[in-house]
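Novice: File follows, data.txt with compact mmCIF, C-alpha atoms:
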```
# COMPACT_ATOMS: atom_id res chain seq x y z
CA MET L 3 -26.53 125.12 143.59
CA PRO L 4 -26.72 124.60 147.36
CA VAL L 5 -24.55 126.69 149.68
CA VAL L 6 -24.04 125.88 153.35
CA ILE L 7 -22.85 128.66 155.65
CA ILE L 8 -20.74 127.69 158.65
CA THR L 9 -20.78 130.41 161.31
CA ALA L 10 -20.99 130.89 165.06
CA MET L 11 -23.67 133.50 164.32
CA SER L 12 -26.13 130.87 163.13
CA LEU L 13 -29.16 132.68 164.54
CA LEU L 14 -28.35 135.79 162.54
CA ALA L 15 -27.81 133.68 159.41
CA ARG L 16 -31.26 132.18 159.90
CA GLN L 17 -32.88 135.57 160.41
CA LEU L 18 -31.29 136.85 157.22
CA GLY L 19 -32.59 133.89 155.20
CA ALA L 20 -29.65 131.55 154.60
CA ASP L 21 -31.20 128.16 153.87
CA ARG L 22 -28.52 125.74 155.07
CA ILE L 23 -26.66 126.82 158.20
CA VAL L 24 -24.16 124.95 160.39
CA THR L 25 -23.36 126.37 163.82
CA GLY L 26 -19.62 127.02 163.97
CA THR L 27 -17.55 126.74 167.13
CA LYS L 28 -16.70 130.39 167.85
CA ILE L 29 -16.43 133.65 165.95
CA LEU L 30 -12.64 133.57 166.21
CA HIS L 31 -12.41 129.93 165.09
CA PRO L 32 -15.55 128.67 163.37
CA LEU L 33 -14.12 125.22 162.54
CA GLY L 34 -12.36 123.81 165.56
CA ASP L 35 -11.03 124.71 168.97
CA PRO L 36 -7.41 125.74 169.63
CA SER L 37 -7.79 124.93 173.33
CA LEU L 38 -8.23 121.25 172.53
CA SER L 39 -5.42 118.86 171.66
CA PRO L 40 -4.51 118.95 167.94
CA HIS L 41 -6.15 115.56 167.56
CA SER L 42 -9.44 116.68 169.13
CA ASP L 43 -9.33 120.02 167.30
CA LEU L 44 -9.09 118.16 163.99
CA ALA L 45 -11.87 115.76 165.02
CA LEU L 46 -14.12 118.75 165.79
CA ARG L 47 -13.33 120.30 162.40
CA GLN L 48 -14.13 116.98 160.71
CA GLU L 49 -17.47 116.78 162.51
CA ILE L 50 -18.42 120.32 161.45
CA VAL L 51 -17.51 119.67 157.80
CA LYS L 52 -19.42 116.37 157.90
CA THR L 53 -22.46 118.25 159.19
CA ALA L 54 -22.05 120.77 156.38
CA LEU L 55 -21.89 118.01 153.75
CA SER L 56 -24.97 116.45 155.29
CA ALA L 57 -26.78 119.81 155.05
CA LEU L 58 -25.88 120.06 151.36
CA GLN L 59 -27.54 116.69 150.82
CA THR L 60 -30.70 117.55 152.80
CA ASN L 61 -33.82 119.05 151.29
CA VAL L 62 -34.92 122.03 153.37
CA ALA L 63 -38.08 124.15 153.16
CA GLY L 64 -36.41 127.33 154.36
CA PRO L 65 -33.68 128.55 156.74
CA THR L 66 -32.50 125.54 158.72
CA ILE L 67 -29.77 125.28 161.34
CA PHE L 68 -27.79 122.03 161.44
CA THR L 69 -25.96 121.44 164.73
CA PRO L 70 -22.71 119.41 164.70
CA ASN L 71 -22.90 116.36 166.94
CA THR L 72 -20.49 117.44 169.61
CA GLN L 73 -20.83 118.61 173.19
CA TYR L 74 -18.72 121.63 172.39
CA ILE L 75 -20.78 124.27 170.60
CA SER L 76 -20.32 127.33 172.75
CA GLY L 77 -18.26 127.29 175.74
CA MET H 25 -44.67 161.45 188.58
CA SER H 26 -41.85 159.00 189.22
CA ARG H 27 -39.31 158.65 186.48
CA VAL H 28 -39.55 155.64 184.20
CA ARG H 29 -36.88 153.06 185.14
CA VAL H 30 -34.63 152.38 182.16
CA MET H 31 -32.15 149.61 181.42
CA HIS H 32 -29.43 150.70 178.99
CA TYR H 33 -27.80 147.88 176.98
CA ILE H 34 -24.34 148.48 175.50
CA ASN H 35 -21.35 146.39 174.45
CA GLN H 36 -17.92 145.90 176.02
CA PHE H 37 -16.40 148.74 174.03
CA PHE H 38 -18.89 151.43 175.07
CA ALA H 39 -18.79 150.17 178.64
CA GLY H 40 -15.10 151.05 178.62
CA ILE H 41 -13.92 147.49 179.26
CA GLY H 42 -11.97 146.95 176.05
CA SER H 43 -12.19 146.43 172.33
CA GLU H 44 -12.00 143.21 170.27
CA ASP H 45 -9.70 141.79 172.95
CA LYS H 46 -12.66 141.82 175.36
CA ALA H 47 -15.36 140.68 172.94
CA ASP H 48 -15.80 137.50 174.98
CA LEU H 49 -16.95 139.38 178.10
CA PRO H 50 -19.94 137.70 179.77
CA VAL H 51 -23.07 139.68 180.71
CA ALA H 52 -22.36 142.20 183.47
CA PHE H 53 -24.18 145.20 184.92
CA ARG H 54 -23.74 148.35 186.99
CA GLU H 55 -26.51 150.30 188.68
CA GLU H 56 -25.68 153.56 186.94
CA ALA H 57 -25.29 155.10 183.48
CA LEU H 58 -22.02 154.20 181.74
CA GLY H 59 -20.25 155.57 178.69
CA PRO H 60 -22.77 157.01 176.23
CA GLY H 61 -25.44 156.33 178.85
CA LYS H 62 -24.29 159.45 180.67
CA GLY H 63 -25.06 161.58 177.64
CA LEU H 64 -28.29 159.66 177.18
CA GLN H 65 -29.35 160.41 180.77
CA LEU H 66 -28.70 164.12 180.25
CA GLN H 67 -30.97 164.05 177.21
CA LEU H 68 -33.66 162.03 179.00
CA GLY H 69 -33.76 164.60 181.76
CA GLU H 70 -36.55 164.03 184.25
CA SER H 71 -38.60 161.79 181.96
CA ALA H 72 -36.65 158.63 182.75
CA LYS H 73 -33.76 157.32 184.80
CA ILE H 74 -31.14 154.80 183.72
CA VAL H 75 -31.22 152.55 186.79
CA VAL H 76 -28.99 149.85 185.34
CA THR H 77 -26.50 149.50 182.49
CA VAL H 78 -26.10 145.96 181.17
CA TYR H 79 -23.11 145.25 178.97
CA CYS H 80 -21.83 142.17 177.17
CA GLY H 81 -19.05 141.22 174.75
CA ASP H 82 -19.83 141.31 171.03
CA ASN H 83 -18.70 137.68 170.61
CA TYR H 84 -20.08 136.43 173.91
CA PHE H 85 -23.66 137.38 173.02
CA PRO H 86 -24.10 135.32 169.81
CA GLU H 87 -22.00 132.44 171.18
CA HIS H 88 -24.10 132.23 174.38
CA HIS H 89 -27.35 133.61 173.05
CA ASP H 90 -29.84 131.85 175.33
CA GLU H 91 -27.86 132.22 178.55
CA ALA H 92 -27.10 135.87 177.82
CA LEU H 93 -30.76 136.71 177.26
CA ALA H 94 -31.80 134.79 180.38
CA SER H 95 -29.29 136.78 182.47
CA ILE H 96 -30.44 140.10 181.00
CA LEU H 97 -34.11 139.25 181.57
CA GLN H 98 -33.39 138.44 185.20
CA ILE H 99 -31.54 141.71 185.70
CA ALA H 100 -34.53 143.55 184.21
CA ARG H 101 -36.86 141.80 186.65
CA ASP H 102 -34.60 142.39 189.66
CA GLN H 103 -34.27 146.09 188.82
CA ASN H 104 -37.98 146.61 188.05
CA VAL H 105 -37.03 147.95 184.63
CA GLN H 106 -39.88 149.64 182.76
CA MET H 107 -38.14 150.47 179.48
CA LEU H 108 -35.07 149.32 177.53
CA ILE H 109 -32.76 151.53 175.51
CA ALA H 110 -30.14 149.59 173.52
CA GLY H 111 -27.15 151.06 171.69
CA PRO H 112 -26.70 153.08 169.55
CA ALA H 113 -24.77 150.46 167.57
CA PHE H 114 -24.06 152.47 164.38
CA ARG H 115 -22.48 150.05 161.91
CA ALA H 116 -21.35 147.39 164.37
CA GLY H 117 -23.12 144.25 163.17
CA ARG H 118 -22.71 141.96 166.17
CA TYR H 119 -23.67 144.81 168.51
CA GLY H 120 -26.71 145.76 166.40
CA PHE H 121 -27.85 142.15 166.30
CA ALA H 122 -27.52 141.90 170.08
CA CYS H 123 -29.47 145.14 170.59
CA VAL H 124 -32.39 143.87 168.53
CA GLU H 125 -32.33 140.46 170.21
CA VAL H 126 -32.39 142.04 173.68
CA CYS H 127 -35.24 144.36 172.62
CA HIS H 128 -37.23 141.43 171.23
CA SER H 129 -36.68 139.39 174.38
CA LEU H 130 -37.63 142.12 176.87
CA SER H 131 -40.58 143.24 174.78
CA THR H 132 -41.94 139.71 174.37
CA SER H 133 -41.27 138.39 177.87
CA LEU H 134 -41.87 141.51 179.97
CA GLY H 135 -44.01 143.66 177.67
CA LEU H 136 -41.50 146.53 177.87
CA ASP H 137 -41.26 149.41 175.42
CA CYS H 138 -37.84 149.27 173.77
CA VAL H 139 -35.83 151.84 171.81
CA THR H 140 -32.68 151.00 169.90
CA GLY H 141 -30.54 152.85 167.38
CA MET H 142 -28.24 151.83 164.56
CA ASN H 143 -27.36 152.64 160.96
CA ILE H 144 -29.86 151.50 158.32
CA GLU H 145 -27.25 149.11 156.85
CA ASN H 146 -26.71 147.27 160.12
CA PRO H 147 -27.82 143.59 159.85
CA GLY H 148 -29.79 144.21 163.04
CA VAL H 149 -32.28 146.26 161.02
CA ASP H 150 -33.36 143.21 159.00
CA VAL H 151 -33.79 141.20 162.17
CA TYR H 152 -35.86 144.04 163.68
CA LYS H 153 -38.16 144.04 160.64
CA GLN H 154 -38.52 140.26 160.81
CA TYR H 155 -39.53 140.36 164.46
CA HIS H 156 -41.82 143.40 163.91
CA ASP H 157 -42.52 143.73 167.62
CA ARG H 158 -45.16 146.42 168.16
CA ARG H 159 -43.38 148.04 171.08
CA VAL H 160 -39.80 147.93 169.73
CA PHE H 161 -38.66 151.01 167.83
CA LEU H 162 -35.39 151.37 165.91
CA ILE H 163 -34.09 154.90 165.34
CA PRO H 164 -31.75 155.18 162.33
CA THR H 165 -28.35 156.71 163.06
CA ALA H 166 -25.20 157.72 161.22
CA THR H 167 -22.56 155.12 160.37
CA GLU H 168 -19.80 156.56 162.56
CA ILE H 169 -19.46 157.25 166.29
CA THR H 170 -19.22 160.95 165.41
CA GLY H 171 -22.99 160.68 165.04
CA MET H 172 -23.34 159.89 168.77
CA PRO H 173 -24.73 163.26 169.95
CA ASP H 174 -27.43 163.21 167.26
CA ALA H 175 -28.25 159.53 167.89
CA LEU H 176 -28.55 160.02 171.65
CA SER H 177 -30.68 163.12 171.19
CA ARG H 178 -33.18 161.43 168.89
CA MET H 179 -33.28 158.17 170.85
CA ALA H 180 -33.81 160.08 174.10
CA LYS H 181 -36.51 162.27 172.59
CA PHE H 182 -38.39 159.21 171.39
CA ALA H 183 -37.90 157.36 174.67
CA SER H 184 -39.17 160.39 176.59
CA LYS H 185 -42.31 160.41 174.49
CA LEU H 186 -42.80 156.70 175.18
CA ALA H 187 -42.31 157.40 178.87
CA THR H 188 -45.28 159.80 178.90
CA GLY H 189 -47.52 157.07 177.53
CA ALA H 190 -48.44 159.24 174.56
CA ALA H 191 -49.72 157.51 171.43
CA ILE H 192 -46.96 156.84 168.92
CA GLY H 193 -47.66 157.84 165.33
CA SER H 194 -46.40 156.48 162.04
CA ALA H 195 -42.74 155.75 161.30
CA SER H 196 -42.37 158.77 159.02
CA GLU H 197 -43.88 161.13 161.65
CA GLU H 198 -41.89 159.81 164.60
CA GLY H 199 -38.59 158.97 162.88
CA TYR H 200 -38.28 155.26 163.58
CA ILE H 201 -37.75 152.57 160.93
CA PRO H 202 -41.13 151.06 159.95
CA ARG H 203 -41.95 147.52 161.04
CA GLY H 204 -44.55 146.91 158.38
CA PHE H 205 -47.71 147.65 160.35
CA ARG H 206 -50.46 149.58 158.58
CA ILE H 207 -51.89 152.27 160.80
CA GLY H 208 -55.25 153.66 159.80
CA GLU H 209 -55.87 157.36 160.20
CA VAL H 210 -58.60 159.77 159.19
CA VAL H 211 -57.59 162.50 156.76
CA SER H 212 -59.62 165.32 155.24
CA LYS H 213 -59.31 164.29 151.56
CA SER H 214 -61.09 161.17 150.32
CA GLY H 215 -59.19 158.27 148.77
CA VAL H 216 -60.40 159.27 145.29
CA GLU H 217 -59.07 162.79 145.70
CA ARG H 218 -55.70 161.56 147.07
CA ALA H 219 -55.30 159.07 144.22
CA ILE H 220 -55.98 161.72 141.57
CA ASP H 221 -53.60 164.18 143.28
CA MET H 222 -50.88 161.49 143.27
CA LEU H 223 -51.47 160.69 139.60
CA LEU H 224 -51.34 164.35 138.58
CA ASP H 225 -48.09 164.80 140.55
CA LYS H 226 -46.62 161.68 138.99
CA LEU H 227 -47.54 162.73 135.44
CA ALA H 228 -46.03 166.16 136.04
CA GLY H 229 -42.86 164.65 137.41
CA ARG H 230 -43.48 166.11 140.87
CA PRO H 231 -42.65 164.15 144.02
CA PHE H 232 -45.55 162.33 145.66
CA ALA H 233 -46.01 160.06 148.64
CA THR H 234 -47.86 156.80 148.16
CA ASP H 235 -50.34 155.80 150.89
CA ILE H 236 -49.21 152.19 150.79
CA PRO H 237 -45.57 151.50 149.96
CA VAL H 238 -45.20 147.99 148.60
CA GLU H 239 -41.90 146.33 149.39
CA SER H 240 -41.09 143.30 147.29
CA PRO H 241 -38.14 141.54 148.89
CA GLU H 242 -36.18 139.42 146.44
CA VAL H 243 -37.33 135.83 146.90
CA ILE H 244 -34.54 133.36 146.31
CA PRO H 245 -35.84 129.81 145.92
CA VAL H 246 -34.22 127.17 148.12
CA PRO H 247 -31.52 125.44 146.04
CA PRO H 248 -32.11 121.70 145.70
CA SER H 249 -29.84 119.37 147.64
CA ILE H 250 -26.91 117.43 146.20
CA THR H 251 -28.07 113.93 145.25
CA ASN H 252 -24.69 112.38 144.51
CA LEU H 253 -21.94 113.79 146.71
CA LYS H 254 -19.37 111.32 145.34
CA ASP H 255 -19.54 113.06 141.95
CA ALA H 256 -19.61 116.59 143.31
CA CYS H 257 -17.07 119.39 143.06
CA LEU H 258 -16.99 121.57 146.19
CA ALA H 259 -15.69 125.12 146.56
CA LEU H 260 -14.67 126.97 149.72
CA VAL H 261 -15.60 130.61 150.31
CA SER H 262 -14.44 132.78 153.20
CA THR H 263 -15.60 136.18 154.44
CA GLY H 264 -13.09 136.20 157.28
CA GLY H 265 -10.51 138.30 155.47
CA ILE H 266 -8.08 135.39 155.02
CA VAL H 267 -5.35 136.30 152.50
CA PRO H 268 -1.75 135.28 151.71
CA GLN H 269 0.66 136.69 154.29
CA GLY H 270 1.58 140.22 153.32
CA ASN H 271 -1.85 140.83 151.76
CA PRO H 272 -0.50 141.22 148.20
CA ASP H 273 -3.85 142.39 146.83
CA GLY H 274 -4.48 144.97 149.52
CA ILE H 275 -7.81 143.51 150.68
CA LYS H 276 -9.26 145.92 153.20
CA SER H 277 -9.87 145.20 156.86
CA ALA H 278 -13.37 146.65 156.74
CA GLN H 279 -15.85 148.08 154.23
CA ASN H 280 -14.21 145.97 151.58
CA ALA H 281 -15.43 146.11 147.99
CA GLU H 282 -13.25 143.43 146.40
CA TRP H 283 -12.76 139.69 146.35
CA ARG H 284 -10.03 137.36 145.18
CA LYS H 285 -9.39 133.66 144.58
CA TYR H 286 -6.32 132.09 146.15
CA TYR H 287 -4.70 128.86 144.96
CA ILE H 288 -4.81 125.92 147.37
CA GLY H 289 -4.59 123.12 144.78
CA ASN H 290 -1.05 122.17 145.85
CA LEU H 291 -1.75 122.24 149.58
CA ASP H 292 -3.02 119.55 151.95
CA SER H 293 -3.61 122.03 154.76
CA MET H 294 -3.72 125.82 155.13
CA GLN H 295 -0.68 125.39 157.40
CA ASP H 296 1.37 124.30 154.37
CA ALA H 297 1.56 127.98 153.35
CA LYS H 298 1.54 131.33 155.12
CA TRP H 299 -1.75 133.17 155.52
CA GLN H 300 -3.12 135.96 157.66
CA THR H 301 -6.43 137.58 158.32
CA VAL H 302 -6.77 141.26 157.57
CA SER H 303 -10.24 141.63 159.07
CA SER H 304 -10.57 144.18 161.86
CA GLY H 305 -13.91 142.61 162.83
CA TYR H 306 -12.36 139.95 165.05
CA VAL H 307 -9.06 139.14 166.75
CA GLY H 308 -6.89 137.04 164.40
CA THR H 309 -4.86 135.24 167.09
CA TYR H 310 -6.04 131.76 166.11
CA MET H 311 -6.78 132.32 162.43
CA ASN H 312 -3.27 133.69 161.79
CA VAL H 313 -1.70 130.53 163.20
CA ASN H 314 -4.12 128.06 161.65
CA ALA H 315 -6.24 129.29 158.77
CA ASN H 316 -7.95 125.87 158.63
CA TYR H 317 -10.28 127.41 161.21
CA GLY H 318 -11.69 129.59 158.44
CA VAL H 319 -10.86 127.57 155.30
CA PRO H 320 -11.14 123.89 156.37
CA LEU H 321 -8.65 122.68 153.77
CA ASP H 322 -7.02 119.97 155.90
CA VAL H 323 -10.31 118.16 156.42
CA CYS H 324 -11.60 118.75 152.89
CA ARG H 325 -8.38 117.51 151.26
CA GLU H 326 -8.54 114.30 153.31
CA MET H 327 -12.20 113.79 152.38
CA GLU H 328 -11.39 114.41 148.71
CA LYS H 329 -8.67 111.74 148.85
CA GLU H 330 -11.10 109.33 150.49
CA GLY H 331 -13.60 109.93 147.70
CA ILE H 332 -16.33 111.41 149.91
CA PHE H 333 -16.70 113.98 147.18
CA ALA H 334 -15.05 114.04 143.76
CA ARG H 335 -13.07 117.24 143.78
CA LEU H 336 -12.20 120.29 145.84
CA TYR H 337 -12.03 123.35 143.58
CA PRO H 338 -8.34 124.36 143.75
CA TYR H 339 -8.97 127.98 144.80
CA PHE H 340 -10.80 129.44 147.78
CA TYR H 341 -12.80 132.63 147.33
CA ALA H 342 -11.79 135.36 149.75
CA THR H 343 -13.14 138.66 150.94
CA THR H 344 -13.56 140.61 154.18
CA GLY H 345 -17.17 140.86 155.23
CA ASN H 346 -16.51 143.17 158.19
CA LEU H 347 -18.71 146.32 158.10
CA GLY H 348 -19.57 145.50 154.51
CA SER H 349 -22.22 147.57 152.75
CA MET H 350 -25.25 145.37 152.02
CA VAL H 351 -25.35 146.35 148.35
CA VAL H 352 -21.61 145.87 147.83
CA MET H 353 -21.65 142.48 149.54
CA GLN H 354 -24.56 141.37 147.37
CA ASP H 355 -22.58 142.37 144.28
CA ILE H 356 -19.52 140.47 145.54
CA GLY H 357 -21.72 137.44 146.16
CA LYS H 358 -23.15 137.62 142.65
CA GLU H 359 -19.70 137.94 141.06
CA MET H 360 -18.33 135.04 143.10
CA ALA H 361 -21.38 132.93 142.21
CA LYS H 362 -20.91 133.66 138.50
CA ASP H 363 -17.30 132.49 138.67
CA ILE H 364 -18.16 129.47 140.80
CA LYS H 365 -20.87 128.34 138.38
CA ALA H 366 -18.56 128.81 135.37
CA LYS H 367 -15.94 126.55 136.98
CA GLY H 368 -18.19 123.49 137.23
CA VAL H 369 -18.64 123.64 141.00
CA ASP H 370 -21.67 121.78 142.42
CA ALA H 371 -21.84 123.03 146.00
CA VAL H 372 -20.27 125.63 148.26
CA LEU H 373 -19.04 125.74 151.85
CA LEU H 374 -19.10 129.36 153.01
CA VAL H 375 -17.37 130.11 156.31
CA ALA H 376 -18.21 133.36 158.07
CA THR H 377 -16.35 134.48 161.19
```
Would you encode the structure as structure tokens?
Specialist:
Amino acid sequence: MPVVIITAMSLLARQLGADRIVTGTKILHPLGDPSLSPHSDLALRQEIVKTALSALQTNVAGPTIFTPNTQYISG
Amino acid sequence: MSRVRVMHYINQFFAGIGSEDKADLPVAFREEALGPGKGLQLQLGESAKIVVTVYCGDNYFPEHHDEALASILQIARDQNVQMLIAGPAFRAGRYGFACVEVCHSLSTSLGLDCVTGMNIENPGVDVYKQYHDRRVFLIPTATEITGMPDALSRMAKFASKLATGAAIGSASEEGYIPRGFRIGEVVSKSGVERAIDMLLDKLAGRPFATDIPVESPEVIPVPPSITNLKDACLALVSTGGIVPQGNPDGIKSAQNAEWRKYYIGNLDSMQDAKWQTVSSGYVGTYMNVNANYGVPLDVCREMEKEGIFARLYPYFYATTGNLGSMVVMQDIGKEMAKDIKAKGVDAVLLVAT
């Protein structure tokens, strides 16, 4: 059963061998950004979950980081 | 002989800036020993001098990994640093990870000898073993800050030896955690004699030391991908310590050994009920107001209604990962997995703060 881990500490997750990794926004708020408008915050969360679902459907050979398609990753 | 120029890397807490509230502190430096660096300098004596202390927030480092390392490298160049000492980080996972990353970077880019210290259970230790840089040495320490005097003493002693340029022996002789290199050495007894001695000791139930320890890490095959998402049942797992407000099950803020499942089947968003985070590993300002940041229920519920996947399992699995013992966390993972599989779930979204 595939598991995707969503975390701001994606590099550590890769080092420790998690196979499907999505880079979260920040440690304090991995899925979204409270400094954005509620609408944009939700859109960011949707994008991260979409990336996670995509990772679950992707065959990977080993630890792989999937990056959400947004300009905001770390700020 | 001029003293070896040392950079000491620490986090925002040991630099005296603040605690979790200052974990987003960008890279900064002072041209002097700070915090535990003062004790470290006393132990180093005349062998080395801490010419610069670089410090950075525990959250800032992983969230700005490349820029942080670039800044630290530049400071090392500007200060003509000849050796790096990082930590000690004890059990602090983000700090331990940062220490090992900084060691790896300075060792690889500038060829510096690097010494770091942390508890054997710190996630940084696994990263250190993966990198297995020849000139990076990790000294094991206690779990608590009460182990500071001992940690500083042993790190300084090792760093002083490095400063003299003396040859460094095996991990067991010198007290660092092995990286996996095999070092040949000449001994008086032949291999045949050593093997027979070991066998006789083993048969008699006496302790013996193998020449070549063989570590077999557990290999977990990559799970195959989901081929039909529309038919899939998804489950949400959180290690961020998110629990119903009031923490009815008494989940601990750190070193937790338990997990629970919490019902979300009647909710369209985490904000439809009251939650809190009990984790002491991060500041809960945002998570306490909107737990969707750690359990993305609002988005998942919408996607379930749209048919993107068939079903969201009506509970989320909760624990606090903060300062978790490796063995305990593995057991929690196994127990959660057993339950998840028994409930007909096809795939998992695990959110880690």
Novice: Please check the contacts: residues of chain L at most 9 Å away from chain H, using only C-alpha atoms, listed as a count of residues only.
Specialist: 44
Novice: Please compute the CA of Ala183 (chain H)-CA of Cys80 (chain H) distance, one decimal, in Å.
Specialist: 22.3 Å
Novice: Counting all atoms listed in the file, which of H:Leu66, H:Ser212, H:Glu242, H:Lys276 gets nearest to Gly19 (chain L)?
Specialist: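 Closest to Gly19 (chain L), using all atoms listed in the file: H:Glu242.
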Novice: Identify, on the basis of only C-alpha atoms, every residue whose closest approach to region 157-174 of chain H does not exceed 6 Å; exclude the query and any residue fewer than 3 positions from it along the same chain; express the result as a list in words.
Specialist: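 Residues meeting the cut-off are Phe114, Arg115, Asp137, Cys138, Val139, Thr140, Gly141, Met142, Asn143, Ile144, Ser177, Tyr200 and Ile201 of chain H.
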Novice: As a JSON list (two decimals) with C-alpha atoms, in the coordinates of the input, please: the residues near Arg29 (chain H) (cut-off 8 Å, all atoms listed in the file, same-chain neighbours under 4 positions excluded).
Specialist:
```json
[["chain", "number", "residue", "atom", "x", "y", "z"],
["H", 72, "ALA", "CA", -36.65, 158.63, 182.75],
["H", 73, "LYS", "CA", -33.76, 157.32, 184.80],
["H", 74, "ILE", "CA", -31.14, 154.80, 183.72],
["H", 75, "VAL", "CA", -31.22, 152.55, 186.79],
["H", 104, "ASN", "CA", -37.98, 146.61, 188.05],
["H", 105, "VAL", "CA", -37.03, 147.95, 184.63],
["H", 106, "GLN", "CA", -39.88, 149.64, 182.76],
["H", 107, "MET", "CA", -38.14, 150.47, 179.48]]
```
Novice: What's the 7 Å shell around region 284-299 of chain H, counting only C-alpha atoms, without same-chain residues fewer than 5 positions away, as a PDB file with C-alpha atoms, in the frame of the given file?
Specialist:
```pdb
ATOM      1  CA  ILE H 266      -8.080 135.390 155.020  1.00  0.00           C
ATOM      2  CA  VAL H 267      -5.350 136.300 152.500  1.00  0.00           C
ATOM      3  CA  PRO H 268      -1.750 135.280 151.710  1.00  0.00           C
ATOM      4  CA  GLN H 269       0.660 136.690 154.290  1.00  0.00           C
ATOM      5  CA  ASN H 312      -3.270 133.690 161.790  1.00  0.00           C
ATOM      6  CA  ASN H 314      -4.120 128.060 161.650  1.00  0.00           C
ATOM      7  CA  ALA H 315      -6.240 129.290 158.770  1.00  0.00           C
ATOM      8  CA  ASN H 316      -7.950 125.870 158.630  1.00  0.00           C
ATOM      9  CA  LEU H 321      -8.650 122.680 153.770  1.00  0.00           C
ATOM     10  CA  ASP H 322      -7.020 119.970 155.900  1.00  0.00           C
ATOM     11  CA  ARG H 325      -8.380 117.510 151.260  1.00  0.00           C
ATOM     12  CA  PRO H 338      -8.340 124.360 143.750  1.00  0.00           C
ATOM     13  CA  TYR H 339      -8.970 127.980 144.800  1.00  0.00           C
ATOM     14  CA  PHE H 340     -10.800 129.440 147.780  1.00  0.00           C
ATOM     15  CA  TYR H 341     -12.800 132.630 147.330  1.00  0.00           C
ATOM     16  CA  ALA H 342     -11.790 135.360 149.750  1.00  0.00           C
ATOM     17  CA  THR H 343     -13.140 138.660 150.940  1.00  0.00           C
TER      18      THR H 343
END
```
Novice: As AutoDock Vina command-line options, please: the centre and edge lengths in Å, to one decimal, of an axis-aligned box enclosing every listed atom of region 14-30 of chain L with 3 Å added on each side.
Specialist:
```
--center_x -22.8 --center_y 130.9 --center_z 160.9 --size_x 26.2 --size_y 17.9 --size_z 20.0
```
Novice: Report the distance between CA of Thr234 (chain H) and CA of Glu198 (chain H) in Å, rounded to one decimal place.
Specialist: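 Going from CA of Thr234 (chain H) over to CA of Glu198 (chain H), I get 17.7 Å.
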Novice: To one decimal place in Å, what is the distance between CA of Glu49 (chain L) and CA of Gly345 (chain H)?
Specialist: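 Separation between CA of Glu49 (chain L) and CA of Gly345 (chain H): 25.2 Å.
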Novice: Would you please work out which residue, of H:Lys358, H:Ser194, H:Ser129, H:Ala113, is nearest to Ile34 (chain H) when using all atoms listed in the file?
Specialist: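 For Ile34 (chain H), the nearest of the candidates is H:Ala113.
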Novice: Nearest to Asp45 (chain H): which of H:Ser196, H:Thr77, H:Ser304, H:Asn346 is it, counting only C-alpha atoms?
Specialist: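 Checking each candidate against Asp45 (chain H), we get H:Ser304 as the closest.
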Novice: Rebuild region 130-141 of chain H to N, CA and C atoms - output it as a short mmCIF file (atom, residue, chain, number, x, y, z; two decimals), keeping the file's coordinate frame, please.
Specialist:
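Generated output (out.cif):
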```cif
data_model
loop_
_atom_site.label_atom_id
_atom_site.label_comp_id
_atom_site.auth_asym_id
_atom_site.auth_seq_id
_atom_site.Cartn_x
_atom_site.Cartn_y
_atom_site.Cartn_z
N LEU H 130 -37.00 141.37 175.77
CA LEU H 130 -37.63 142.12 176.87
C LEU H 130 -39.05 142.57 176.50
N SER H 131 -39.24 142.83 175.22
CA SER H 131 -40.58 143.24 174.78
C SER H 131 -41.54 142.06 174.87
N THR H 132 -41.08 140.89 174.40
CA THR H 132 -41.94 139.71 174.37
C THR H 132 -42.20 139.15 175.77
N SER H 133 -41.14 139.05 176.57
CA SER H 133 -41.27 138.39 177.87
C SER H 133 -41.83 139.30 178.95
N LEU H 134 -41.46 140.60 178.89
CA LEU H 134 -41.87 141.51 179.97
C LEU H 134 -42.81 142.61 179.49
N GLY H 135 -43.10 142.64 178.19
CA GLY H 135 -44.01 143.66 177.67
C GLY H 135 -43.45 145.07 177.74
N LEU H 136 -42.10 145.20 177.75
CA LEU H 136 -41.50 146.53 177.87
C LEU H 136 -41.47 147.26 176.54
N ASP H 137 -41.55 148.59 176.59
CA ASP H 137 -41.26 149.41 175.42
C ASP H 137 -39.74 149.44 175.26
N CYS H 138 -39.27 149.33 174.01
CA CYS H 138 -37.84 149.27 173.77
C CYS H 138 -37.46 150.23 172.64
N VAL H 139 -36.35 150.93 172.84
CA VAL H 139 -35.83 151.84 171.81
C VAL H 139 -34.40 151.43 171.52
N THR H 140 -34.06 151.28 170.26
CA THR H 140 -32.68 151.00 169.90
C THR H 140 -32.29 151.91 168.74
N GLY H 141 -30.99 151.99 168.46
CA GLY H 141 -30.54 152.85 167.38
C GLY H 141 -29.37 152.22 166.66
#
```
